[in-house]
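Structure, as structure tokens:
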Amino acid sequence: MAFCSDSLTHAGIDQVSTYSKMFRHGVAGERQFVILSAGNLATSQGVMAKLKADIRKGAGITLNTVGSITEAADYLGDVSLEQQERRKTEGANFEASFILGGQVKGRKHRVILVYPEGNHITTSQDTPYLQIGESKYGKPILDRILQPSLDLATAAQCLLISMDSTMKSNRGVGPPIEILLYQRDSLLLDRHHRFEPDSDFLRDLRQGWDKALKTAFRRMPPLSWAANWDKPDHERSGVF
């Protein structure tokens, strides 16, 4: 599994801050969880604080006691609803959504999207990825490239290019960019990297992708060729 998130949040053009949207928790060799957040910052931070507090206090249900990723998603959804209700104000939107992924020993690794309403969906053979937050600008590259057979390194590169496309079109999304790769059954979260705003790698990736797109565009068939091709056979001109 590959996870990617930006760290820019804003409540208006003059209120821009940087907060990590990737939460990691696990017990080596037993269970590992990664949570990505989007939406209201107060709600998402409240959810993360409650998850940590439940673990610290030894509550009945925590990320250390759930028996599967599905149970963890149910728990996360309940905590999210609780935090939204605490902040509920007429006319204000305190919704937040989450992507939860990971594995409990002896169970299958999974990725689940938890909606603000607390319900959730998972991936499938036809839908190998999930997105939250600003998704439309980076979605085309994911739709064209991502498939279950890809290795983790290629999937990570695809996620970073998708994130770069989003940053190009939306100033509300930006670095630091975090990426984490999880190898099935490893039960370790030891492949995490944070790319800072001045990252040489992000700069080179952006420039390389920009150049490749322009090169591909210049190689597209001209409109005159397309118009000729779409004519009935007896009306076509030229040599084929």
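How things are named: the first chain in the structure tokens is A, the next is B, and so on; residues count from 1 in each chain; ligands count from 1 in the order shown.
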Practice problem: Tell me, as JSON, numbers by chain, which residues lie within 10 Å of A:Val111, counting only C-alpha atoms; anything in the same chain fewer than 4 positions away does not count. | Solution: {"A": [1, 2, 3, 33, 34, 35, 69, 70, 73, 99, 100, 101, 102, 103, 121, 122, 123, 124, 128, 129, 130]}
Include C-alpha atoms and write out the residues we just selected as a PDB file, in the first residue's frame.
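Written out: out.pdb:
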```
ATOM      1  CA  MET A   1       0.000   0.000   0.000  1.00  0.00           C
ATOM      2  CA  ALA A   2       1.162   3.538  -0.763  1.00  0.00           C
ATOM      3  CA  PHE A   3      -0.061   6.656   1.052  1.00  0.00           C
ATOM      4  CA  PHE A  33      -2.262   1.844  10.969  1.00  0.00           C
ATOM      5  CA  VAL A  34      -1.939   4.883   8.708  1.00  0.00           C
ATOM      6  CA  ILE A  35      -4.630   7.586   8.746  1.00  0.00           C
ATOM      7  CA  ILE A  69      -9.041  -2.780   9.699  1.00  0.00           C
ATOM      8  CA  THR A  70     -12.820  -2.823   9.284  1.00  0.00           C
ATOM      9  CA  ALA A  73     -12.773   2.047  10.457  1.00  0.00           C
ATOM     10  CA  ILE A  99      -8.416   7.270   4.703  1.00  0.00           C
ATOM     11  CA  LEU A 100      -7.437   4.421   6.984  1.00  0.00           C
ATOM     12  CA  GLY A 101      -5.025   1.721   5.898  1.00  0.00           C
ATOM     13  CA  GLY A 102      -2.921  -0.923   7.510  1.00  0.00           C
ATOM     14  CA  GLN A 103      -2.944  -4.467   8.783  1.00  0.00           C
ATOM     15  CA  ILE A 121     -15.969   2.019   1.582  1.00  0.00           C
ATOM     16  CA  THR A 122     -12.877   0.064   0.579  1.00  0.00           C
ATOM     17  CA  THR A 123     -10.865  -0.541  -2.577  1.00  0.00           C
ATOM     18  CA  SER A 124     -11.551  -3.214  -5.203  1.00  0.00           C
ATOM     19  CA  PRO A 128      -7.496   0.315  -6.615  1.00  0.00           C
ATOM     20  CA  TYR A 129      -7.155   3.712  -4.928  1.00  0.00           C
ATOM     21  CA  LEU A 130      -9.076   6.115  -2.687  1.00  0.00           C
TER      22      LEU A 130
END
```
Please report as JSON lines every residue of stretch 68-187 of chain A lying within 12 Å of stretch 59-62 of chain A, along with the nearest atom pair and their distance in Å (one decimal), using only C-alpha atoms.
```
{"residue": "A:Ser68", "atom": "CA", "partner": "A:Thr62", "partner_atom": "CA", "distance": 11.4}
{"residue": "A:Ile69", "atom": "CA", "partner": "A:Thr62", "partner_atom": "CA", "distance": 11.8}
{"residue": "A:Glu71", "atom": "CA", "partner": "A:Ile61", "partner_atom": "CA", "distance": 9.5}
{"residue": "A:Ala72", "atom": "CA", "partner": "A:Thr62", "partner_atom": "CA", "distance": 7.9}
{"residue": "A:Ala73", "atom": "CA", "partner": "A:Thr62", "partner_atom": "CA", "distance": 11.0}
{"residue": "A:Asp74", "atom": "CA", "partner": "A:Ile61", "partner_atom": "CA", "distance": 10.5}
{"residue": "A:Tyr75", "atom": "CA", "partner": "A:Ile61", "partner_atom": "CA", "distance": 7.5}
{"residue": "A:Leu76", "atom": "CA", "partner": "A:Thr62", "partner_atom": "CA", "distance": 9.3}
{"residue": "A:Asp78", "atom": "CA", "partner": "A:Ile61", "partner_atom": "CA", "distance": 11.0}
{"residue": "A:Val79", "atom": "CA", "partner": "A:Thr62", "partner_atom": "CA", "distance": 10.5}
```
Practice task
DSSP on the backbone, then: every residue of stretch 4-166 of chain A marked helix (DSSP H, G or I), written as JSON, numbers by chain.
Solution key: {"A": [41, 42, 43, 44, 45, 46, 47, 48, 49, 50, 51, 52, 53, 54, 55, 56, 57, 69, 70, 71, 72, 73, 74, 75, 76, 77, 78, 79, 80, 81, 82, 83, 84, 85, 86, 139, 140, 141, 142, 143, 144, 145, 152, 153, 154, 155, 156, 157, 158, 159, 160, 161, 162, 163, 164, 165, 166]}
Correct to one decimal, the distance atom CA of A:Tyr137-atom CA of A:Gly172 is 12.2 Å
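One distance worth recording is that between atom CA of A:Asp198 and atom CA of A:Met163, which is 15.6 Å.
Distances from A:Ala96, A:Leu223, A:Met167, A:Ile161 to A:Ile145 were compared using only C-alpha atoms, and the smallest one belongs to A:Ile161.
Excluding stretch 204-220 of chain A itself and same-chain residues fewer than 3 positions from it, the residues having an atom within 9 Å of it are Gln157, Leu160, Ile161, Asp164, Ser165, Ser199, Asp200 and Phe201 of chain A, counting only C-alpha atoms.
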